[in-house]
file structure-v6.tsv (TSV, C-alpha atoms)
chain	number	residue	atom	x	y	z
A	1	MET	CA	56.16	92.64	84.26
A	2	ARG	CA	59.37	91.34	82.63
A	3	LYS	CA	57.41	88.58	80.87
A	4	GLN	CA	55.12	91.24	79.45
A	5	PHE	CA	58.12	93.19	78.19
A	6	ASN	CA	59.68	90.07	76.65
A	7	LEU	CA	56.41	89.19	74.92
A	8	MET	CA	55.95	92.72	73.60
A	9	TYR	CA	59.50	93.01	72.29
A	10	SER	CA	59.50	89.55	70.74
A	11	MET	CA	56.41	90.68	68.81
A	12	TYR	CA	58.43	93.64	67.55
A	13	GLY	CA	61.23	91.34	66.42
A	14	ILE	CA	63.75	92.86	68.84
A	15	ASP	CA	65.25	89.47	69.67
A	16	MET	CA	66.57	89.40	66.09
A	17	PHE	CA	67.37	93.09	65.71
A	18	PRO	CA	68.23	94.74	69.04
A	19	LEU	CA	69.04	98.43	68.79
A	20	PRO	CA	72.69	99.49	68.54
A	21	THR	CA	74.52	100.24	71.77
A	22	ASP	CA	77.14	102.37	70.02
A	23	TRP	CA	75.49	105.43	68.46
A	24	LYS	CA	77.14	108.21	66.43
A	25	SER	CA	75.79	111.73	65.95
A	26	LYS	CA	75.80	113.78	62.76
A	27	SER	CA	74.15	116.76	61.09
A	28	LEU	CA	72.79	115.98	57.63
A	29	SER	CA	71.41	118.71	55.41
A	30	ILE	CA	69.31	116.13	53.55
A	31	LEU	CA	67.22	115.76	56.71
A	32	SER	CA	66.25	119.44	56.94
A	33	PRO	CA	64.49	121.02	58.75
A	34	SER	CA	65.75	118.57	61.44
A	35	PRO	CA	69.34	117.82	60.39
A	36	THR	CA	70.58	116.58	63.78
A	37	CYS	CA	70.54	112.80	63.81
A	38	ILE	CA	72.12	109.67	65.22
A	39	TYR	CA	72.94	106.41	63.49
A	40	GLY	CA	74.21	103.01	64.49
A	41	LEU	CA	74.71	99.42	63.39
A	42	THR	CA	73.75	96.28	65.27
A	43	TYR	CA	74.58	92.75	64.14
A	44	ASN	CA	74.26	89.11	65.13
A	45	ILE	CA	77.19	86.90	64.09
A	46	PRO	CA	75.53	83.50	64.76
A	47	GLU	CA	72.46	84.58	62.78
A	48	LEU	CA	74.51	86.46	60.15
A	49	SER	CA	72.15	89.42	60.28
A	50	TYR	CA	72.44	93.15	60.85
A	51	GLY	CA	70.34	96.26	61.29
A	52	PHE	CA	71.35	99.83	60.42
A	53	TYR	CA	69.32	102.73	61.86
A	54	LEU	CA	69.29	106.47	61.15
A	55	THR	CA	66.93	108.84	62.96
A	56	ASN	CA	66.46	112.57	63.47
A	57	PHE	CA	63.91	111.78	66.24
A	58	THR	CA	60.98	112.68	64.00
A	59	ASN	CA	61.60	110.03	61.32
A	60	LEU	CA	63.39	106.73	61.02
A	61	TRP	CA	65.32	105.18	58.13
A	62	SER	CA	66.57	101.64	58.53
A	63	GLN	CA	67.76	98.45	56.86
A	64	GLU	CA	67.40	95.06	58.54
A	65	LEU	CA	68.85	92.03	56.76
A	66	THR	CA	68.45	88.39	57.68
A	67	ARG	CA	70.97	85.73	56.63
A	68	GLU	CA	69.24	85.08	53.30
A	69	GLU	CA	68.87	88.80	52.57
A	70	LEU	CA	72.51	89.43	53.48
A	71	ILE	CA	73.70	86.71	51.10
A	72	LYS	CA	71.55	88.16	48.30
A	73	THR	CA	72.72	91.72	48.98
A	74	ALA	CA	76.38	90.66	49.21
A	75	SER	CA	76.18	88.95	45.80
A	76	GLY	CA	75.07	92.28	44.33
A	77	PHE	CA	78.33	93.85	45.55
A	78	GLY	CA	80.51	91.15	44.04
A	79	PHE	CA	80.53	88.70	46.95
A	80	GLU	CA	79.16	85.76	44.99
A	81	ASP	CA	79.30	82.27	46.50
A	82	ALA	CA	80.49	83.80	49.77
A	83	SER	CA	81.19	81.26	52.51
A	84	MET	CA	80.01	81.65	56.09
A	85	GLY	CA	83.50	82.80	57.04
A	86	ASP	CA	83.39	85.43	54.30
A	87	LEU	CA	80.04	86.73	55.59
A	88	VAL	CA	81.35	86.89	59.16
A	89	SER	CA	84.36	88.88	57.93
A	90	LEU	CA	82.03	91.13	55.95
A	91	ILE	CA	79.93	91.92	59.03
A	92	ASN	CA	83.01	92.57	61.18
A	93	ILE	CA	84.56	94.88	58.58
A	94	THR	CA	81.37	96.88	58.04
A	95	SER	CA	80.75	97.21	61.77
A	96	LYS	CA	84.22	98.67	62.32
A	97	GLY	CA	83.85	100.92	59.29
A	98	VAL	CA	80.58	102.42	60.52
A	99	SER	CA	82.39	103.69	63.62
A	100	GLN	CA	84.71	105.72	61.35
A	101	GLU	CA	82.75	108.83	60.42
A	102	GLU	CA	85.08	109.78	57.58
A	103	SER	CA	84.33	106.47	55.84
A	104	LEU	CA	80.58	107.15	55.56
A	105	SER	CA	78.63	109.38	53.20
A	106	PHE	CA	74.84	109.88	53.16
A	107	ARG	CA	72.73	110.83	50.16
A	108	LYS	CA	69.14	110.61	49.05
A	109	SER	CA	68.34	108.05	46.43
A	110	ASP	CA	67.66	109.38	42.94
A	111	ASP	CA	64.95	106.78	42.41
A	112	ASN	CA	63.13	106.91	45.73
A	113	ASP	CA	62.53	110.01	47.89
A	114	GLU	CA	61.98	107.82	50.96
A	115	LEU	CA	65.27	105.97	50.57
A	116	ILE	CA	68.60	107.20	51.99
A	117	GLU	CA	71.80	105.55	50.81
A	118	CYS	CA	74.71	105.35	53.22
A	119	GLU	CA	77.89	104.45	51.38
A	120	LEU	CA	80.78	102.86	53.30
A	121	LYS	CA	84.14	103.18	51.54
A	122	LEU	CA	86.98	101.11	52.93
A	123	ASP	CA	90.17	99.64	51.52
A	124	GLU	CA	88.64	96.17	51.76
A	125	ILE	CA	85.11	96.82	50.50
A	126	ASN	CA	82.60	99.35	49.24
A	127	TRP	CA	79.19	98.78	50.79
A	128	VAL	CA	75.91	100.69	50.55
A	129	PHE	CA	73.28	100.59	53.28
A	130	LYS	CA	69.88	101.29	51.71
A	131	LEU	CA	67.81	102.86	54.47
A	132	GLN	CA	64.07	102.82	53.91
A	133	LYS	CA	61.87	105.39	55.63
A	134	SER	CA	59.67	103.72	58.26
A	135	ASN	CA	55.96	104.23	58.76
A	136	GLN	CA	54.50	105.86	61.87
A	137	GLU	CA	53.91	102.59	63.73
A	138	GLU	CA	57.49	101.46	63.18
A	139	LEU	CA	58.73	104.90	64.22
A	140	ILE	CA	56.78	104.77	67.49
A	141	GLN	CA	58.12	101.29	68.26
A	142	PHE	CA	61.67	102.43	67.53
A	143	LEU	CA	61.45	105.59	69.65
A	144	SER	CA	59.98	103.65	72.56
A	145	ARG	CA	62.89	101.21	72.42
A	146	LEU	CA	65.35	104.10	72.15
A	147	ASN	CA	63.74	105.72	75.18
A	148	TYR	CA	64.03	102.48	77.16
A	149	GLN	CA	67.70	102.39	76.18
A	150	GLN	CA	68.11	105.82	77.78
A	151	PHE	CA	66.53	104.56	81.01
A	152	SER	CA	68.79	101.49	81.10
A	153	ASN	CA	71.88	103.55	80.40
A	154	HIS	CA	70.91	106.14	83.02
A	155	SER	CA	70.40	103.37	85.57
A	156	PHE	CA	73.91	102.08	84.89
A	157	LEU	CA	75.41	105.56	85.22
A	158	LEU	CA	73.67	106.02	88.59
A	159	HIS	CA	75.12	102.69	89.70
A	160	GLN	CA	78.59	103.87	88.68
A	161	ILE	CA	78.15	107.11	90.64
A	162	GLN	CA	77.02	105.30	93.80
A	163	ASP	CA	79.85	102.80	93.51
A	164	LEU	CA	82.35	105.64	93.04
A	165	LYS	CA	81.03	107.39	96.17
A	166	HIS	CA	81.48	104.15	98.10
A	167	VAL	CA	85.08	103.77	96.88
A	168	ILE	CA	85.84	107.41	97.75
A	169	GLY	CA	84.47	106.82	101.26
A	170	ILE	CA	86.81	103.86	101.74
A	171	LYS	CA	89.77	105.85	100.46
A	172	ASP	CA	88.82	108.74	102.78
A	173	THR	CA	89.02	106.41	105.77
A	174	PHE	CA	92.41	105.11	104.70
A	175	ILE	CA	93.76	108.61	103.99
A	176	ARG	CA	92.66	109.85	107.44
A	177	PHE	CA	94.41	106.85	108.96
A	178	LEU	CA	97.64	107.76	107.16
A	179	VAL	CA	97.33	111.46	108.00
A	180	GLU	CA	96.91	110.78	111.72
A	181	ASN	CA	100.02	108.60	111.75
A	182	PHE	CA	101.90	111.22	109.77
A	183	LYS	CA	100.90	113.94	112.24
A	184	GLN	CA	102.19	111.88	115.16
A	185	SER	CA	105.56	111.26	113.54
A	186	HIS	CA	106.16	114.47	111.56
A	187	GLY	CA	103.76	117.07	112.86
A	188	LEU	CA	101.59	119.38	110.76
A	189	GLU	CA	104.23	121.46	109.00
A	190	LEU	CA	104.48	119.39	105.81
A	191	ILE	CA	100.71	118.97	105.56
A	192	ASN	CA	100.09	122.70	106.00
A	193	ASN	CA	102.78	123.54	103.46
A	194	TYR	CA	101.17	121.24	100.93
A	195	LYS	CA	97.77	122.87	101.47
A	196	ARG	CA	99.26	126.33	101.05
A	197	ILE	CA	100.92	125.34	97.78
A	198	ASN	CA	97.79	123.58	96.47
A	199	ARG	CA	95.05	125.93	97.64
A	200	THR	CA	92.78	125.06	94.71
A	201	ASP	CA	92.77	121.41	95.79
A	202	ILE	CA	91.83	122.00	99.44
A	203	GLU	CA	88.14	121.33	98.81
A	204	SER	CA	89.00	117.95	97.29
A	205	ILE	CA	91.59	117.12	99.94
A	206	GLU	CA	89.12	117.41	102.78
A	207	ARG	CA	86.77	114.58	103.66
A	208	PHE	CA	84.30	113.84	100.85
A	209	ASN	CA	80.81	115.19	101.53
A	210	PRO	CA	78.29	113.72	99.01
A	211	GLU	CA	75.64	116.41	99.56
A	212	ARG	CA	78.13	119.24	99.28
A	213	TRP	CA	79.62	117.60	96.19
A	214	GLU	CA	76.21	117.35	94.50
A	215	ARG	CA	75.47	121.04	95.13
A	216	GLY	CA	78.92	122.10	93.94
A	217	ASN	CA	78.64	119.86	90.90
A	218	ALA	CA	75.30	121.47	89.96
A	219	ILE	CA	76.86	124.94	90.25
A	220	SER	CA	79.80	123.85	88.10
A	221	TYR	CA	77.46	122.46	85.44
A	222	LYS	CA	75.44	125.69	85.35
A	223	LYS	CA	78.64	127.66	84.82
A	224	SER	CA	79.70	125.41	81.98
A	225	ARG	CA	76.29	125.88	80.33
A	226	SER	CA	76.43	129.66	80.72
A	227	SER	CA	79.91	129.68	79.17
A	228	MET	CA	78.35	128.52	75.90
A	229	LYS	CA	77.40	132.20	75.40
A	230	LYS	CA	73.96	132.27	73.84
A	231	LYS	CA	74.38	129.36	71.50
A	232	SER	CA	71.27	128.37	69.61
A	233	ASN	CA	68.97	125.63	70.82
A	234	GLU	CA	70.18	123.50	67.95
A	235	ASP	CA	73.82	123.88	69.05
A	236	GLU	CA	72.97	122.96	72.62
A	237	LEU	CA	70.97	119.98	71.42
A	238	ILE	CA	73.89	118.75	69.33
A	239	ASN	CA	76.25	119.22	72.29
A	240	ASN	CA	73.95	117.25	74.60
A	241	ILE	CA	73.58	114.43	72.08
A	242	ASP	CA	77.33	114.25	71.40
A	243	THR	CA	78.07	114.12	75.12
A	244	SER	CA	75.43	111.52	75.99
A	245	ILE	CA	76.26	108.99	73.27
A	246	LYS	CA	80.01	108.96	73.79
A	247	GLY	CA	81.23	105.46	74.38
A	248	CYS	CA	79.31	102.21	74.21
A	249	TRP	CA	76.02	101.85	76.09
A	250	LYS	CA	76.99	98.48	77.48
A	251	PHE	CA	73.73	97.78	79.30
A	252	ALA	CA	71.39	99.82	77.09
A	253	ASN	CA	69.43	96.74	75.99
A	254	SER	CA	69.40	95.03	79.39
A	255	PHE	CA	65.66	95.59	79.73
A	256	TYR	CA	65.08	92.73	77.27
A	257	GLN	CA	68.50	91.09	76.91
A	258	ASP	CA	70.38	89.18	79.61
A	259	ILE	CA	73.99	90.36	80.02
A	260	PRO	CA	76.13	87.36	81.08
A	261	GLU	CA	78.49	87.78	84.00
A	262	ASP	CA	82.19	87.66	83.23
A	263	LYS	CA	83.88	86.03	86.22
A	264	GLN	CA	87.28	85.96	84.54
A	265	GLU	CA	87.21	89.70	83.89
A	266	GLU	CA	86.17	90.31	87.50
A	267	GLU	CA	89.15	88.30	88.75
A	268	GLU	CA	91.55	90.07	86.39
A	269	LEU	CA	90.39	93.48	87.63
A	270	SER	CA	90.74	92.56	91.31
A	271	PRO	CA	93.13	95.08	92.94
A	272	VAL	CA	93.85	92.61	95.74
A	273	LYS	CA	95.35	90.19	93.24
A	274	PHE	CA	97.57	92.89	91.70
A	275	ASP	CA	98.65	94.31	95.06
A	276	ALA	CA	99.60	90.86	96.28
A	277	LEU	CA	101.78	90.26	93.23
A	278	GLU	CA	103.39	93.68	93.57
A	279	SER	CA	104.17	93.11	97.24
A	280	VAL	CA	105.78	89.75	96.48
A	281	ASN	CA	107.87	91.16	93.63
A	282	SER	CA	108.87	94.47	95.19
A	283	SER	CA	108.97	94.03	98.98
A	284	PRO	CA	112.36	92.90	100.37
A	285	ILE	CA	110.55	91.60	103.46
A	286	LYS	CA	108.30	89.37	101.38
A	287	LYS	CA	111.13	88.06	99.24
A	288	LYS	CA	113.30	87.13	102.18
A	289	HIS	CA	110.91	86.06	104.89
A	290	ASP	CA	107.45	85.21	103.53
A	291	ARG	CA	107.16	81.43	103.78
A	292	GLY	CA	103.45	81.25	104.51
A	293	ASN	CA	100.40	81.26	102.29
A	294	ASP	CA	99.26	84.79	103.15
A	295	ASP	CA	99.53	86.76	99.88
A	296	SER	CA	97.10	89.55	100.76
A	297	PRO	CA	98.56	91.47	103.72
A	298	ASN	CA	96.71	94.43	105.22
A	299	LEU	CA	97.19	97.07	107.85
A	300	SER	CA	94.92	95.59	110.47
A	301	HIS	CA	96.17	91.99	110.43
A	302	SER	CA	99.51	90.23	110.32
A	303	ALA	CA	99.70	86.44	110.51
A	304	SER	CA	101.27	85.17	113.74
A	305	PRO	CA	104.23	82.89	113.14
A	306	GLY	CA	103.98	79.27	114.12
A	307	PRO	CA	106.38	77.54	116.47
A	308	GLN	CA	108.73	76.67	113.61
A	309	SER	CA	108.34	79.93	111.70
A	310	THR	CA	111.51	81.78	110.75
A	311	SER	CA	109.67	85.10	110.42
A	312	PRO	CA	111.44	87.95	112.27
A	313	PHE	CA	108.09	89.41	113.37
A	314	LYS	CA	107.15	88.11	116.79
A	315	LYS	CA	104.12	90.30	117.37
A	316	LYS	CA	101.18	91.53	115.35
A	317	LEU	CA	101.34	95.10	114.15
A	318	LYS	CA	99.68	97.46	116.58
A	319	ILE	CA	96.60	99.31	115.41
A	320	GLY	CA	97.67	102.66	113.95
A	321	ALA	CA	101.27	101.59	113.29
A	322	LEU	CA	102.49	101.50	109.72
A	323	THR	CA	105.92	99.93	110.32
A	324	SER	CA	107.44	97.60	112.86
A	325	LYS	CA	111.01	97.36	114.03
A	326	ARG	CA	112.70	94.21	112.87
A	327	LYS	CA	114.74	92.05	115.21
A	328	SER	CA	117.61	90.10	113.79
A	329	ASN	CA	117.71	86.29	114.21
A	330	SER	CA	121.27	86.01	112.93
A	331	PRO	CA	124.31	87.51	114.67
A	332	SER	CA	125.91	88.14	111.29
A	333	GLU	CA	123.00	90.25	110.15
A	334	SER	CA	123.72	93.93	110.52
A	335	PRO	CA	120.89	96.21	111.67
A	336	SER	CA	122.10	98.93	109.28
A	337	THR	CA	121.37	96.70	106.28
A	338	SER	CA	117.79	96.00	107.26
A	339	PRO	CA	115.38	96.96	104.46
A	340	VAL	CA	112.81	97.96	107.07
A	341	LYS	CA	115.11	100.49	108.69
A	342	LYS	CA	116.05	101.93	105.31
A	343	LYS	CA	112.39	102.60	104.68
A	344	ALA	CA	112.01	104.09	108.15
A	345	ARG	CA	114.64	106.75	107.35
A	346	ILE	CA	112.97	107.73	104.04
A	347	GLY	CA	109.53	109.19	104.64
A	348	ALA	CA	108.61	106.96	107.60
A	349	LEU	CA	105.08	107.53	108.89
A	350	THR	CA	105.60	106.28	112.47
A	351	ARG	CA	107.52	107.76	115.33
A	352	LYS	CA	110.85	106.16	116.10

call {"tool": "encode", "arguments": {"input": "structure-v6.tsv", "output": "structure tokens"}}
result
Amino acid sequence: MRKQFNLMYSMYGIDMFPLPTDWKSKSLSILSPSPTCIYGLTYNIPELSYGFYLTNFTNLWSQELTREELIKTASGFGFEDASMGDLVSLINITSKGVSQEESLSFRKSDDNDELIECELKLDEINWVFKLQKSNQEELIQFLSRLNYQQFSNHSFLLHQIQDLKHVIGIKDTFIRFLVENFKQSHGLELINNYKRINRTDIESIERFNPERWERGNAISYKKSRSSMKKKSNEDELINNIDTSIKGCWKFANSFYQDIPEDKQEEEELSPVKFDALESVNSSPIKKKHDRGNDDSPNLSHSASPGPQSTSPFKKKLKIGALTSKRKSNSPSESPSTSPVKKKARIGALTRK
């Protein structure tokens, strides 16, 4: 099936001109009776090419330039004998400018009714995208690709939702663990007081129920729609388009383009790595006693010291305990100066 898709889209020339993944919405009177539209720019730096697309979902206006066409067009705007570096800068500047709505103006060409001119005015350059109206076959191909983008984007959003539910479930387990320890050491008074003060948050404080959340979320969405107070279909359409195209559709073209994995970004975003650094920099226990290679401590495991270890901990932490009393190895060390005992007096979660 994927080979069939790749063959079909290579026939359409999509490998050269993939659709934009960052769309902007606008209402243009020149497109009446369907003024609501979206537009976007896609470009390929190695190929020095770009494609600009404007559609009101019933018609399409576009400009697609290859390297040779870009060089010819640039010379018409005063960029004669432009080097490859100049063309790269030109593409980067125009791509950033398109994202600034105030820098763009649309008008119909005086010479051609089927041509829309989009003028980009920036401090660095003035550029005009000449968007030619597409025929019906090109329109169908474009709308099919746009529809596939919606499917790809929706799939990614569903993945985000499922991943978020999984993370919430893990946090729920950890929170219940902390609450049970807090109850044993401090009772229920503080917890009940907090719930009384924050009554509107009680539903969110309790254990996350995915089915209940989905029903409540649907009710909340219906209320937000009804609060629009009899807005026209056109207003609701514009609102839906504005909401759906916010941000970049990172994986919108994944149905025919491979998205490379970024291992470095994954490592940089690892919370384990950050927590380990924070514990080393902030924990007085770590600074003074950690001589091993364990830089990712957790609640359920504590490394047992070897025969020559100077660690003051002689036993593993018991399940359910958040702190452990520290025994001194030096007669000159005062128990009152222990960083562990200081923490135990301020908001300790275990019973003394």

call {"tool": "atom_distance", "arguments": {"input": "structure-v6.tsv", "atom1": "atom CA of A:Tyr53", "atom2": "atom CA of A:Pro20"}}
result
8.2 Å

call {"tool": "atom_distance", "arguments": {"input": "structure-v6.tsv", "atom1": "atom CA of A:Leu157", "atom2": "atom CA of A:Phe208"}}
result
19.8 Å

call {"tool": "residues_around", "arguments": {"input": "structure-v6.tsv", "residues": "stretch 135-138 of chain A", "least_positions_apart": "6", "cutoff": "10 Å", "atoms": "all atoms listed in the file", "output": "compact mmCIF listing (two decimals) with C-alpha atoms, in the frame of the given file"}}
result
# COMPACT_ATOMS: atom_id res chain seq x y z
CA TYR A 12 58.43 93.64 67.55
CA THR A 58 60.98 112.68 64.00
CA ASN A 59 61.60 110.03 61.32
CA LEU A 60 63.39 106.73 61.02
CA TRP A 61 65.32 105.18 58.13
CA SER A 144 59.98 103.65 72.56

call {"tool": "residues_around", "arguments": {"input": "structure-v6.tsv", "residues": "A:Trp23", "least_positions_apart": "6", "cutoff": "7 Å", "atoms": "only C-alpha atoms", "output": "list in words"}}
result
Ile38, Tyr39, Gly40 and Ile245 of chain A

call {"tool": "closest_atom_pairs", "arguments": {"input": "structure-v6.tsv", "of": "stretch 42-98 of chain A", "to": "stretch 119-132 of chain A", "cutoff": "9 Å", "atoms": "all atoms listed in the file", "output": "JSON lines"}}
result
{"residue": "A:Phe52", "atom": "CA", "partner": "A:Phe129", "partner_atom": "CA", "distance": 7.4}
{"residue": "A:Tyr53", "atom": "CA", "partner": "A:Leu131", "partner_atom": "CA", "distance": 7.5}
{"residue": "A:Leu54", "atom": "CA", "partner": "A:Leu131", "partner_atom": "CA", "distance": 7.7}
{"residue": "A:Leu60", "atom": "CA", "partner": "A:Gln132", "partner_atom": "CA", "distance": 8.1}
{"residue": "A:Trp61", "atom": "CA", "partner": "A:Gln132", "partner_atom": "CA", "distance": 5.0}
{"residue": "A:Ser62", "atom": "CA", "partner": "A:Leu131", "partner_atom": "CA", "distance": 4.4}
{"residue": "A:Gln63", "atom": "CA", "partner": "A:Leu131", "partner_atom": "CA", "distance": 5.0}
{"residue": "A:Glu64", "atom": "CA", "partner": "A:Leu131", "partner_atom": "CA", "distance": 8.8}
{"residue": "A:Ala74", "atom": "CA", "partner": "A:Trp127", "partner_atom": "CA", "distance": 8.7}
{"residue": "A:Phe77", "atom": "CA", "partner": "A:Trp127", "partner_atom": "CA", "distance": 7.2}
{"residue": "A:Leu90", "atom": "CA", "partner": "A:Ile125", "partner_atom": "CA", "distance": 8.5}
{"residue": "A:Ile93", "atom": "CA", "partner": "A:Glu124", "partner_atom": "CA", "distance": 8.1}
{"residue": "A:Thr94", "atom": "CA", "partner": "A:Leu120", "partner_atom": "CA", "distance": 7.7}
{"residue": "A:Gly97", "atom": "CA", "partner": "A:Leu120", "partner_atom": "CA", "distance": 7.0}
{"residue": "A:Val98", "atom": "CA", "partner": "A:Leu120", "partner_atom": "CA", "distance": 7.2}

call {"tool": "atom_distance", "arguments": {"input": "structure-v6.tsv", "atom1": "atom CA of A:Glu234", "atom2": "atom CA of A:Ser27"}}
result
10.4 Å

call {"tool": "closest_residue", "arguments": {"input": "structure-v6.tsv", "among": "A:Gly51, A:Gly216, A:Pro210, A:Gly78", "to": "A:Ile91", "atoms": "all atoms listed in the file"}}
result
A:Gly51
